[in-house]
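Visitor: Next up, query.cif (mmCIF, C-alpha atoms).
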```cif
data_query
#
loop_
_atom_site.group_PDB
_atom_site.id
_atom_site.type_symbol
_atom_site.label_atom_id
_atom_site.label_comp_id
_atom_site.auth_asym_id
_atom_site.auth_seq_id
_atom_site.Cartn_x
_atom_site.Cartn_y
_atom_site.Cartn_z
ATOM 1 C CA MET Y 1 0.270 6.260 20.377
ATOM 2 C CA ALA Y 2 2.286 6.246 17.142
ATOM 3 C CA TRP Y 3 2.317 3.264 14.774
ATOM 4 C CA LEU Y 4 4.649 1.783 12.190
ATOM 5 C CA GLN Y 5 3.162 1.269 8.725
ATOM 6 C CA PHE Y 6 5.066 -1.557 7.037
ATOM 7 C CA ARG Y 7 4.174 -1.677 3.339
ATOM 8 C CA LEU Y 8 4.855 -4.480 0.871
ATOM 9 C CA ASP Y 9 4.572 -3.684 -2.840
ATOM 10 C CA THR Y 10 3.564 -6.951 -4.445
ATOM 11 C CA SER Y 11 1.257 -8.599 -7.003
ATOM 12 C CA ALA Y 12 -2.349 -9.781 -6.828
ATOM 13 C CA ASP Y 13 -1.209 -13.435 -6.718
ATOM 14 C CA LEU Y 14 1.127 -12.909 -3.756
ATOM 15 C CA ALA Y 15 -0.927 -10.374 -1.785
ATOM 16 C CA PRO Y 16 -2.982 -12.922 0.237
ATOM 17 C CA ALA Y 17 0.202 -14.710 1.370
ATOM 18 C CA CYS Y 18 1.800 -11.379 2.342
ATOM 19 C CA GLU Y 19 -1.299 -10.520 4.350
ATOM 20 C CA GLU Y 20 -1.080 -13.805 6.280
ATOM 21 C CA GLN Y 21 2.657 -13.321 6.899
ATOM 22 C CA LEU Y 22 2.237 -9.831 8.363
ATOM 23 C CA LEU Y 23 -0.564 -11.022 10.624
ATOM 24 C CA ALA Y 24 1.620 -13.924 11.794
ATOM 25 C CA LEU Y 25 4.391 -11.437 12.630
ATOM 26 C CA GLY Y 26 2.073 -9.504 14.930
ATOM 27 C CA ALA Y 27 0.387 -6.850 12.757
ATOM 28 C CA VAL Y 28 -2.650 -5.434 14.558
ATOM 29 C CA ALA Y 29 -4.285 -4.724 11.202
ATOM 30 C CA VAL Y 30 -3.557 -5.381 7.527
ATOM 31 C CA THR Y 31 -5.028 -3.535 4.552
ATOM 32 C CA LEU Y 32 -4.760 -4.161 0.804
ATOM 33 C CA GLN Y 33 -4.776 -1.191 -1.569
ATOM 34 C CA ASP Y 34 -4.423 -0.441 -5.252
ATOM 35 C CA ASN Y 35 -0.814 0.408 -6.094
ATOM 36 C CA ALA Y 36 -1.286 1.537 -9.696
ATOM 37 C CA ASP Y 37 -4.659 3.323 -9.978
ATOM 38 C CA GLN Y 38 -6.323 0.280 -11.552
ATOM 39 C CA PRO Y 39 -10.157 0.386 -11.492
ATOM 40 C CA LEU Y 40 -12.119 -2.789 -10.731
ATOM 41 C CA TYR Y 41 -15.659 -2.997 -12.071
ATOM 42 C CA ASP Y 42 -17.919 -6.038 -12.482
ATOM 43 C CA GLN Y 43 -16.669 -9.174 -10.757
ATOM 44 C CA GLU Y 44 -18.062 -12.663 -10.548
ATOM 45 C CA LEU Y 45 -20.312 -13.291 -7.562
ATOM 46 C CA GLY Y 46 -18.240 -14.491 -4.609
ATOM 47 C CA ALA Y 47 -14.944 -13.371 -6.159
ATOM 48 C CA THR Y 48 -12.423 -11.357 -4.160
ATOM 49 C CA PRO Y 49 -10.895 -8.949 -6.700
ATOM 50 C CA LEU Y 50 -7.336 -7.680 -6.233
ATOM 51 C CA TRP Y 51 -5.308 -5.187 -8.192
ATOM 52 C CA GLN Y 52 -2.409 -6.442 -10.330
ATOM 53 C CA GLU Y 53 -0.106 -4.161 -8.336
ATOM 54 C CA THR Y 54 -1.173 -4.356 -4.702
ATOM 55 C CA CYS Y 55 0.175 -2.630 -1.603
ATOM 56 C CA VAL Y 56 -0.179 -4.754 1.540
ATOM 57 C CA THR Y 57 0.178 -2.618 4.671
ATOM 58 C CA GLY Y 58 0.654 -4.003 8.167
ATOM 59 C CA LEU Y 59 0.203 -1.823 11.238
ATOM 60 C CA PHE Y 60 2.737 -2.458 14.027
ATOM 61 C CA PRO Y 61 3.760 -0.658 17.248
ATOM 62 C CA ALA Y 62 6.157 2.195 16.471
ATOM 63 C CA SER Y 63 8.984 0.480 18.385
ATOM 64 C CA THR Y 64 9.016 -2.468 15.948
ATOM 65 C CA ASP Y 65 12.421 -3.072 14.294
ATOM 66 C CA THR Y 66 11.763 -2.580 10.579
ATOM 67 C CA GLN Y 67 14.813 -4.504 9.400
ATOM 68 C CA ALA Y 68 14.077 -7.419 11.703
ATOM 69 C CA LEU Y 69 10.496 -7.478 10.380
ATOM 70 C CA TRP Y 70 11.756 -7.646 6.799
ATOM 71 C CA GLN Y 71 14.250 -10.407 7.618
ATOM 72 C CA ALA Y 72 11.503 -12.431 9.320
ATOM 73 C CA LEU Y 73 9.542 -12.668 6.098
ATOM 74 C CA PRO Y 74 10.024 -15.770 3.910
ATOM 75 C CA GLU Y 75 12.803 -15.573 1.335
ATOM 76 C CA SER Y 76 10.261 -15.899 -1.464
ATOM 77 C CA THR Y 77 8.523 -12.723 -0.270
ATOM 78 C CA GLN Y 78 11.824 -10.845 0.027
ATOM 79 C CA GLN Y 79 12.675 -11.785 -3.551
ATOM 80 C CA SER Y 80 9.314 -10.808 -5.034
ATOM 81 C CA ALA Y 81 8.249 -7.768 -2.977
ATOM 82 C CA ARG Y 82 9.633 -4.368 -2.027
ATOM 83 C CA TYR Y 83 9.087 -2.868 1.399
ATOM 84 C CA ARG Y 84 8.622 0.648 2.753
ATOM 85 C CA ALA Y 85 8.102 1.797 6.305
ATOM 86 C CA ASP Y 86 6.930 5.031 7.901
ATOM 87 C CA ILE Y 87 5.577 6.256 11.207
ATOM 88 C CA LEU Y 88 1.867 7.026 11.474
ATOM 89 C CA GLU Y 89 1.457 9.736 14.082
ATOM 90 C CA ASP Y 90 -1.387 9.488 16.546
ATOM 91 C CA LYS Y 91 -4.426 11.675 15.816
ATOM 92 C CA ASP Y 92 -7.979 12.140 16.929
ATOM 93 C CA TRP Y 93 -9.105 9.733 14.206
ATOM 94 C CA GLU Y 94 -12.820 10.321 14.790
ATOM 95 C CA ARG Y 95 -12.466 14.041 14.091
ATOM 96 C CA GLU Y 96 -10.011 13.358 11.248
ATOM 97 C CA TRP Y 97 -12.590 11.122 9.586
ATOM 98 C CA MET Y 98 -15.521 13.455 10.199
ATOM 99 C CA GLN Y 99 -13.883 16.532 8.696
ATOM 100 C CA HIS Y 100 -13.928 14.987 5.210
ATOM 101 C CA TYR Y 101 -17.747 14.864 5.083
ATOM 102 C CA LYS Y 102 -19.682 18.037 4.297
ATOM 103 C CA PRO Y 103 -23.321 18.713 3.373
ATOM 104 C CA LEU Y 104 -24.001 17.917 -0.294
ATOM 105 C CA GLN Y 105 -26.573 19.786 -2.363
ATOM 106 C CA PHE Y 106 -28.375 17.879 -5.143
ATOM 107 C CA THR Y 107 -31.136 20.282 -6.138
ATOM 108 C CA GLU Y 108 -32.136 23.739 -4.943
ATOM 109 C CA LYS Y 109 -34.102 22.219 -2.060
ATOM 110 C CA LEU Y 110 -32.501 18.794 -1.502
ATOM 111 C CA TRP Y 111 -29.399 18.110 0.611
ATOM 112 C CA ILE Y 112 -27.621 15.155 2.201
ATOM 113 C CA CYS Y 113 -26.152 16.247 5.512
ATOM 114 C CA PRO Y 114 -24.062 14.327 8.123
ATOM 115 C CA SER Y 115 -25.765 14.159 11.504
ATOM 116 C CA TRP Y 116 -23.020 16.136 13.298
ATOM 117 C CA LEU Y 117 -23.512 19.217 11.071
ATOM 118 C CA GLU Y 118 -26.385 21.683 10.877
ATOM 119 C CA PRO Y 119 -28.156 21.715 7.495
ATOM 120 C CA PRO Y 120 -27.197 24.791 5.437
ATOM 121 C CA ASP Y 121 -30.868 25.245 4.497
ATOM 122 C CA PRO Y 122 -33.207 24.140 7.324
ATOM 123 C CA GLU Y 123 -36.236 24.694 5.056
ATOM 124 C CA ALA Y 124 -34.968 22.240 2.418
ATOM 125 C CA VAL Y 125 -35.455 18.479 2.325
ATOM 126 C CA ASN Y 126 -32.425 17.357 4.351
ATOM 127 C CA ILE Y 127 -31.464 13.683 4.334
ATOM 128 C CA ARG Y 128 -29.480 12.967 7.494
ATOM 129 C CA LEU Y 129 -26.961 10.324 6.480
ATOM 130 C CA ASP Y 130 -23.652 9.269 8.038
ATOM 131 C CA PRO Y 131 -20.950 7.157 6.364
ATOM 132 C CA GLY Y 132 -21.291 3.556 7.470
ATOM 133 C CA LEU Y 133 -21.124 -0.090 6.437
ATOM 134 C CA ALA Y 134 -23.222 0.243 3.277
ATOM 135 C CA PHE Y 135 -22.649 1.979 -0.060
ATOM 136 C CA GLY Y 136 -24.457 5.237 -0.723
ATOM 137 C CA THR Y 137 -23.619 8.548 0.951
ATOM 138 C CA GLY Y 138 -24.099 10.733 -2.112
ATOM 139 C CA THR Y 139 -20.405 11.276 -2.819
ATOM 140 C CA HIS Y 140 -20.171 8.812 -5.727
ATOM 141 C CA PRO Y 141 -21.466 10.052 -9.115
ATOM 142 C CA THR Y 142 -23.850 7.104 -9.481
ATOM 143 C CA THR Y 143 -25.586 7.833 -6.164
ATOM 144 C CA ALA Y 144 -25.637 11.579 -6.785
ATOM 145 C CA MET Y 145 -27.222 11.166 -10.222
ATOM 146 C CA CYS Y 146 -29.861 8.784 -8.852
ATOM 147 C CA VAL Y 147 -30.793 11.187 -6.047
ATOM 148 C CA ARG Y 148 -31.180 14.037 -8.563
ATOM 149 C CA ALA Y 149 -33.206 11.824 -10.886
ATOM 150 C CA ILE Y 150 -35.604 10.865 -8.089
ATOM 151 C CA ALA Y 151 -35.951 14.545 -7.136
ATOM 152 C CA ASN Y 152 -36.749 15.483 -10.722
ATOM 153 C CA LEU Y 153 -39.335 12.722 -11.179
ATOM 154 C CA GLU Y 154 -42.806 13.114 -9.750
ATOM 155 C CA SER Y 155 -42.554 10.631 -6.884
ATOM 156 C CA ARG Y 156 -45.354 11.921 -4.636
ATOM 157 C CA HIS Y 157 -47.774 9.184 -3.492
ATOM 158 C CA LYS Y 158 -45.824 6.519 -5.397
ATOM 159 C CA ARG Y 159 -44.679 3.121 -4.182
ATOM 160 C CA VAL Y 160 -40.942 2.623 -4.698
ATOM 161 C CA LEU Y 161 -38.580 -0.354 -4.869
ATOM 162 C CA ASP Y 162 -34.895 0.369 -4.117
ATOM 163 C CA TYR Y 163 -33.074 -2.770 -5.308
ATOM 164 C CA GLY Y 164 -29.537 -2.992 -3.954
ATOM 165 C CA CYS Y 165 -30.452 -0.375 -1.364
ATOM 166 C CA GLY Y 166 -27.078 -0.129 0.425
ATOM 167 C CA SER Y 167 -27.486 2.747 2.881
ATOM 168 C CA GLY Y 168 -31.116 3.213 1.817
ATOM 169 C CA VAL Y 169 -30.418 6.727 0.570
ATOM 170 C CA LEU Y 170 -32.495 6.400 -2.608
ATOM 171 C CA ALA Y 171 -35.564 5.010 -0.855
ATOM 172 C CA ILE Y 172 -35.214 7.623 1.892
ATOM 173 C CA ALA Y 173 -34.910 10.415 -0.680
ATOM 174 C CA ALA Y 174 -38.072 9.230 -2.442
ATOM 175 C CA LEU Y 175 -40.018 9.071 0.844
ATOM 176 C CA LEU Y 176 -38.892 12.502 2.026
ATOM 177 C CA LEU Y 177 -39.922 13.859 -1.380
ATOM 178 C CA GLY Y 178 -43.426 12.487 -0.952
ATOM 179 C CA ALA Y 179 -43.456 8.811 -1.925
ATOM 180 C CA GLU Y 180 -46.141 6.764 -0.163
ATOM 181 C CA TRP Y 181 -44.113 3.622 0.633
ATOM 182 C CA ALA Y 182 -40.779 2.005 -0.225
ATOM 183 C CA MET Y 183 -39.094 -1.379 -0.090
ATOM 184 C CA GLY Y 184 -35.308 -1.694 0.240
ATOM 185 C CA VAL Y 185 -33.799 -4.952 -1.043
ATOM 186 C CA ASP Y 186 -30.169 -6.015 -0.665
ATOM 187 C CA THR Y 187 -28.131 -9.208 -0.537
ATOM 188 C CA ALA Y 188 -26.040 -7.878 2.374
ATOM 189 C CA PRO Y 189 -27.691 -8.070 5.826
ATOM 190 C CA GLN Y 190 -25.582 -5.113 7.044
ATOM 191 C CA ALA Y 191 -27.118 -2.993 4.276
ATOM 192 C CA LEU Y 192 -30.604 -3.784 5.572
ATOM 193 C CA VAL Y 193 -29.519 -2.787 9.081
ATOM 194 C CA ALA Y 194 -28.019 0.451 7.717
ATOM 195 C CA THR Y 195 -31.202 1.215 5.786
ATOM 196 C CA ARG Y 196 -33.373 0.696 8.883
ATOM 197 C CA ASN Y 197 -31.105 2.910 10.999
ATOM 198 C CA ASN Y 198 -30.890 5.667 8.399
ATOM 199 C CA ALA Y 199 -34.657 5.626 7.910
ATOM 200 C CA GLN Y 200 -35.188 6.005 11.651
ATOM 201 C CA ASN Y 201 -32.709 8.904 11.758
ATOM 202 C CA ASN Y 202 -34.826 10.654 9.126
ATOM 203 C CA GLY Y 203 -38.144 10.161 10.913
ATOM 204 C CA ILE Y 204 -39.271 7.371 8.586
ATOM 205 C CA THR Y 205 -41.161 4.479 10.170
ATOM 206 C CA ALA Y 206 -40.633 0.765 9.555
ATOM 207 C CA GLN Y 207 -44.078 0.712 7.930
ATOM 208 C CA GLN Y 208 -43.066 3.397 5.431
ATOM 209 C CA LEU Y 209 -39.748 1.764 4.497
ATOM 210 C CA GLU Y 210 -39.594 -2.017 4.664
ATOM 211 C CA VAL Y 211 -36.447 -4.050 3.982
ATOM 212 C CA SER Y 212 -35.884 -7.576 2.719
ATOM 213 C CA LEU Y 213 -33.424 -9.963 1.133
ATOM 214 C CA PRO Y 214 -33.928 -10.781 -2.573
ATOM 215 C CA GLY Y 215 -36.708 -13.223 -3.359
ATOM 216 C CA GLU Y 216 -39.170 -12.100 -0.711
ATOM 217 C CA PRO Y 217 -42.600 -10.941 -1.937
ATOM 218 C CA CYS Y 218 -42.978 -7.317 -3.010
ATOM 219 C CA ALA Y 219 -46.147 -5.745 -4.415
ATOM 220 C CA PRO Y 220 -45.855 -3.999 -7.805
ATOM 221 C CA VAL Y 221 -44.604 -0.406 -7.641
ATOM 222 C CA GLN Y 222 -44.644 2.749 -9.742
ATOM 223 C CA LEU Y 223 -40.879 3.379 -9.456
ATOM 224 C CA VAL Y 224 -37.920 0.971 -9.381
ATOM 225 C CA VAL Y 225 -34.411 2.302 -8.674
ATOM 226 C CA ALA Y 226 -31.304 0.117 -8.794
ATOM 227 C CA ASN Y 227 -27.785 1.473 -8.359
ATOM 228 C CA ILE Y 228 -25.675 -1.677 -8.608
ATOM 229 C CA LEU Y 229 -23.370 -2.660 -11.513
ATOM 230 C CA ALA Y 230 -24.008 -3.469 -15.163
ATOM 231 C CA GLY Y 231 -23.532 -7.249 -14.874
ATOM 232 C CA PRO Y 232 -26.051 -7.826 -12.063
ATOM 233 C CA LEU Y 233 -28.459 -5.333 -13.620
ATOM 234 C CA CYS Y 234 -28.493 -7.320 -16.868
ATOM 235 C CA GLY Y 235 -29.216 -10.509 -14.955
ATOM 236 C CA LEU Y 236 -31.993 -8.817 -12.972
ATOM 237 C CA ALA Y 237 -33.850 -7.392 -15.982
ATOM 238 C CA GLU Y 238 -36.880 -9.690 -15.766
ATOM 239 C CA THR Y 239 -37.020 -9.474 -11.954
ATOM 240 C CA LEU Y 240 -36.933 -5.675 -11.839
ATOM 241 C CA CYS Y 241 -39.392 -5.205 -14.691
ATOM 242 C CA SER Y 242 -41.807 -7.710 -13.148
ATOM 243 C CA HIS Y 243 -42.153 -5.370 -10.147
ATOM 244 C CA LEU Y 244 -43.230 -2.420 -12.337
ATOM 245 C CA LEU Y 245 -46.883 -1.519 -12.756
ATOM 246 C CA PRO Y 246 -47.989 -0.479 -16.267
ATOM 247 C CA GLY Y 247 -46.696 3.038 -16.805
ATOM 248 C CA GLY Y 248 -44.148 2.536 -14.023
ATOM 249 C CA GLU Y 249 -40.679 4.064 -14.272
ATOM 250 C CA ILE Y 250 -37.227 2.587 -13.729
ATOM 251 C CA LEU Y 251 -33.852 4.187 -12.952
ATOM 252 C CA LEU Y 252 -30.699 2.088 -13.377
ATOM 253 C CA SER Y 253 -27.199 3.170 -12.405
ATOM 254 C CA GLY Y 254 -23.740 1.841 -11.576
ATOM 255 C CA ILE Y 255 -23.283 1.683 -15.352
ATOM 256 C CA LEU Y 256 -20.332 2.875 -17.438
ATOM 257 C CA LYS Y 257 -21.135 4.635 -20.696
ATOM 258 C CA GLU Y 258 -19.693 1.819 -22.801
ATOM 259 C CA GLN Y 259 -21.985 -0.695 -21.043
ATOM 260 C CA VAL Y 260 -25.199 1.038 -22.142
ATOM 261 C CA PRO Y 261 -25.795 -1.191 -25.227
ATOM 262 C CA ASP Y 262 -25.700 -4.331 -23.054
ATOM 263 C CA LEU Y 263 -28.302 -2.855 -20.693
ATOM 264 C CA THR Y 264 -30.652 -1.641 -23.414
ATOM 265 C CA ALA Y 265 -30.552 -5.078 -25.034
ATOM 266 C CA ALA Y 266 -31.190 -6.882 -21.730
ATOM 267 C CA TYR Y 267 -34.313 -4.784 -20.970
ATOM 268 C CA SER Y 268 -35.673 -4.485 -24.532
ATOM 269 C CA ALA Y 269 -38.306 -7.190 -24.000
ATOM 270 C CA TRP Y 270 -40.029 -5.041 -21.357
ATOM 271 C CA LEU Y 271 -39.161 -1.394 -21.997
ATOM 272 C CA GLU Y 272 -36.903 1.016 -23.857
ATOM 273 C CA LEU Y 273 -34.005 2.516 -21.888
ATOM 274 C CA SER Y 274 -32.333 5.849 -22.594
ATOM 275 C CA VAL Y 275 -29.497 7.779 -20.961
ATOM 276 C CA LEU Y 276 -30.966 10.241 -18.485
ATOM 277 C CA SER Y 277 -27.697 11.731 -17.166
ATOM 278 C CA GLU Y 278 -23.946 11.201 -17.283
ATOM 279 C CA ASP Y 279 -21.097 12.079 -14.932
ATOM 280 C CA ALA Y 280 -17.408 11.055 -14.995
ATOM 281 C CA GLY Y 281 -18.118 8.197 -17.402
ATOM 282 C CA TRP Y 282 -21.051 6.824 -15.358
ATOM 283 C CA VAL Y 283 -24.655 7.004 -16.567
ATOM 284 C CA VAL Y 284 -28.212 6.708 -15.260
ATOM 285 C CA LEU Y 285 -30.653 4.950 -17.566
ATOM 286 C CA TYR Y 286 -34.391 5.690 -17.548
ATOM 287 C CA GLY Y 287 -37.302 3.666 -18.856
ATOM 288 C CA ARG Y 288 -41.100 3.515 -18.607
ATOM 289 C CA ARG Y 289 -43.095 0.291 -18.843
ATOM 290 C CA GLN Y 290 -45.824 0.474 -21.451
#
```
The structure in this file should be written as C-alpha cells.

Guide:
Amino acid sequence: MAWLQFRLDTSADLAPACEEQLLALGAVAVTLQDNADQPLYDQELGATPLWQETCVTGLFPASTDTQALWQALPESTQQSARYRADILEDKDWEREWMQHYKPLQFTEKLWICPSWLEPPDPEAVNIRLDPGLAFGTGTHPTTAMCVRAIANLESRHKRVLDYGCGSGVLAIAALLLGAEWAMGVDTAPQALVATRNNAQNNGITAQQLEVSLPGEPCAPVQLVVANILAGPLCGLAETLCSHLLPGGEILLSGILKEQVPDLTAAYSAWLELSVLSEDAGWVVLYGRRQ
C-alpha cells in the first residue's frame, strides 16, 4: 500500500499544534524532524526539545486529497507554515531497515554484529546486538570509542558498572572480554529490558549482568563506564566516583570537546580526568581513583 506524506515546515513553537491538527485530520502517524541540521545536546530533565525549524510529517492514505487537507487546517497554520506532499511507495520495510546495519569492527578481534548476519570473523569476540529501543549499537562515535576503550583496558576478572547502560553494549563488551560481573543502571525501564535481552542473546546470565534503576545498592567496582551527556555526568560525579574502589578506573563519554573543562572540574575532588580519545568532536575521558 502506498502512503501520502504531508509535510508542514514550521517552527518549534507551532510544531506541537501542527502535530495535533494532523492527527485530528486522520494521520495514522506523525513525526517531527529537524529541518535545518540543528544539533540538540544537553537538555533539562523532563524537557521535550524541538528544533527551531521543524518539519512535521503526517502519514495519510495515498488517496487523500492534498489540497483539501491543507484547506482543513486552521487559518493560523496556513499563514505560518508551508506544506509539501509526496507519495511514499510501499516497500518491504523490515528488509529496508535491516540492510542499513552491517557488522562493525572495533579492534582486531572485537566486532558488533546484527543477529541476522554471520560474523565476519567467527574466532573474534562477536557482540550480537540488534537496533532496538535503547541507545547504543556501536554506530555513534561515543559508543564506538567506549567499546574500544574497554577493549584496550585490562578488564579481565573486574567488576564493572555501566551507568546509563542503554542497550547494555558496554557492560556486555566488558563481560565478553573477561570481566567477572557487571551492573547496568538506567533511568529508562525499556533500557533495562533491552540490556537483559541483549545479554541473553550473547550467552550472558542474569547473575553475570544485573540491571537496576538509579539509587539501588551496588557494590564498589574496579571499572565505571558512563556514556551519557556532559550535564548529567557533572551532576553524577560524586555518585560515580563513590562506586570506584581505590585504583579503580572510569570512562566518561557523551562529551563534546569544549565541555571537557567542566567535566575535569566536576571530578577534580576525586580523580584527575584526561582525554583518552576523540572522534568527530566527541571525546572519552579517562581517570583512575587514587

Visitor: Find the residues near region 275-278 of chain Y: any atom within 9 Å, counting all atoms listed in the file, skip ones fewer than 4 places away on the same chain, and give them as a list in words.

Guide: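 The residues that qualify are Pro141, Thr142, Met145, Ala149, Leu251, Lys257, Val260, Trp282, Val283, Val284, Leu285 and Tyr286 of chain Y.
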
Visitor: Can you tell me how far CA of Ile87 (chain Y) sits from CA of Asp13 (chain Y), in Å to one decimal?

Guide: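 Result for CA of Ile87 (chain Y) versus CA of Asp13 (chain Y): 27.5 Å, one decimal.
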
Visitor: Written as a ChimeraX atom specification, which residues does the PyMOL selection byres ((chain Y and resi 226-233) around 9) give for the file shown?

Guide: /Y:41-44,142-143,146,161-166,170,224-225,234-237,240,250-256,259-260,262-263,266,284

Visitor: Please evaluate the PyMOL selection byres ((chain Y and resi 179) around 6) against the structure above and give the resulting residues as a PyMOL selection string.

Guide: chain Y and resi 155-158+174-175+178+180-181

Visitor: List the residues selected by the PyMOL selection byres ((chain Y and resi 82) around 6) in the file shown, writing them as a VMD selection string.

Guide: chain Y and resid 8 to 9 81 83

Visitor: Hey, which of Y:Pro214, Y:Gly203, Y:Gln105, Y:Leu223 ends up closest to Ala144 (chain Y)? Count all atoms listed in the file.

Guide: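 Checking each candidate against Ala144 (chain Y), we get Y:Gln105 as the closest.
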
Visitor: Pick out the residues sitting within 9 Å of Glu210 (chain Y), and hand them over as a list in words; count only C-alpha atoms, and ignore anything fewer than 2 positions along from it in its own chain.

Guide: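 Near Glu210 (chain Y), the qualifying residues are Trp181, Ala182, Met183, Gly184, Val185, Arg196, Thr205, Ala206, Gln207, Gln208 and Ser212 of chain Y.
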
Visitor: Suppose we keep C-alpha atoms; can you now write the selection as a PDB file, in the frame of the given file?

Guide:
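Writing the result to result.pdb gives the following:
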```
ATOM      1  CA  TRP Y 181     -44.113   3.622   0.633  1.00  0.00           C
ATOM      2  CA  ALA Y 182     -40.779   2.005  -0.225  1.00  0.00           C
ATOM      3  CA  MET Y 183     -39.094  -1.379  -0.090  1.00  0.00           C
ATOM      4  CA  GLY Y 184     -35.308  -1.694   0.240  1.00  0.00           C
ATOM      5  CA  VAL Y 185     -33.799  -4.952  -1.043  1.00  0.00           C
ATOM      6  CA  ARG Y 196     -33.373   0.696   8.883  1.00  0.00           C
ATOM      7  CA  THR Y 205     -41.161   4.479  10.170  1.00  0.00           C
ATOM      8  CA  ALA Y 206     -40.633   0.765   9.555  1.00  0.00           C
ATOM      9  CA  GLN Y 207     -44.078   0.712   7.930  1.00  0.00           C
ATOM     10  CA  GLN Y 208     -43.066   3.397   5.431  1.00  0.00           C
ATOM     11  CA  SER Y 212     -35.884  -7.576   2.719  1.00  0.00           C
TER      12      SER Y 212
END
```

Visitor: Considering only C-alpha atoms, state which residue in the set Y:Ala194, Y:Leu73, Y:Leu14, Y:Ala269 is at the smallest distance from Thr54 (chain Y).

Guide: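 The answer is Y:Leu14, which sits nearest to Thr54 (chain Y).
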
Visitor: Counting all atoms listed in the file, what is within 10 Å of Ala219 (chain Y), bar same-chain residues fewer than 6 positions away, as an NGL selection string?

Guide: :Y and (159-161 or 183 or 242-245)

Visitor: Calculated over all atoms listed in the file, which of the candidates Y:Leu88, Y:Ala171, Y:Leu32, Y:Ile127 has the smallest distance to Pro103 (chain Y)?

Guide: Y:Ile127

Visitor: With 4 Å of padding per side, what axis-aligned box (centre and edge lengths, Å, one decimal) covers all the listed atoms of region 277-281 of chain Y? Give it as lines of an AutoDock Vina configuration file.

Guide:
```
center_x = -22.6
center_y = 10.1
center_z = -16.2
size_x = 18.3
size_y = 11.9
size_z = 10.5
```

Visitor: Kindly give the distance, in Å, that separates CA of Leu110 (chain Y) and CA of Asn126 (chain Y), rounded to a single decimal.

Guide: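 Atom-to-atom, CA of Leu110 (chain Y) to CA of Asn126 (chain Y), that is 6.0 Å.
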
Visitor: Could you list, as a list in words, every residue within 6 Å of Pro61 (chain Y), counting all atoms listed in the file and ignoring same-chain residues fewer than 2 positions away?

Guide: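 Surrounding residues, per the criterion: Trp3, Leu4, Ser63 and Thr64 of chain Y.
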
Visitor: Would you mind exporting C-alpha atoms of the selected residues as a PDB file, in the frame of the given file?

Guide:
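Result saved to again_17.pdb:
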```
ATOM      1  CA  TRP Y   3       2.317   3.264  14.774  1.00  0.00           C
ATOM      2  CA  LEU Y   4       4.649   1.783  12.190  1.00  0.00           C
ATOM      3  CA  SER Y  63       8.984   0.480  18.385  1.00  0.00           C
ATOM      4  CA  THR Y  64       9.016  -2.468  15.948  1.00  0.00           C
TER       5      THR Y  64
END
```

Visitor: Residues near Val30 (chain Y), anyone? I mean within 9 Å using all atoms listed in the file, not counting same-chain ones fewer than 4 positions away, as an MDAnalysis selection string.

Guide: chainID Y and resid 19:20 22:23 56:59
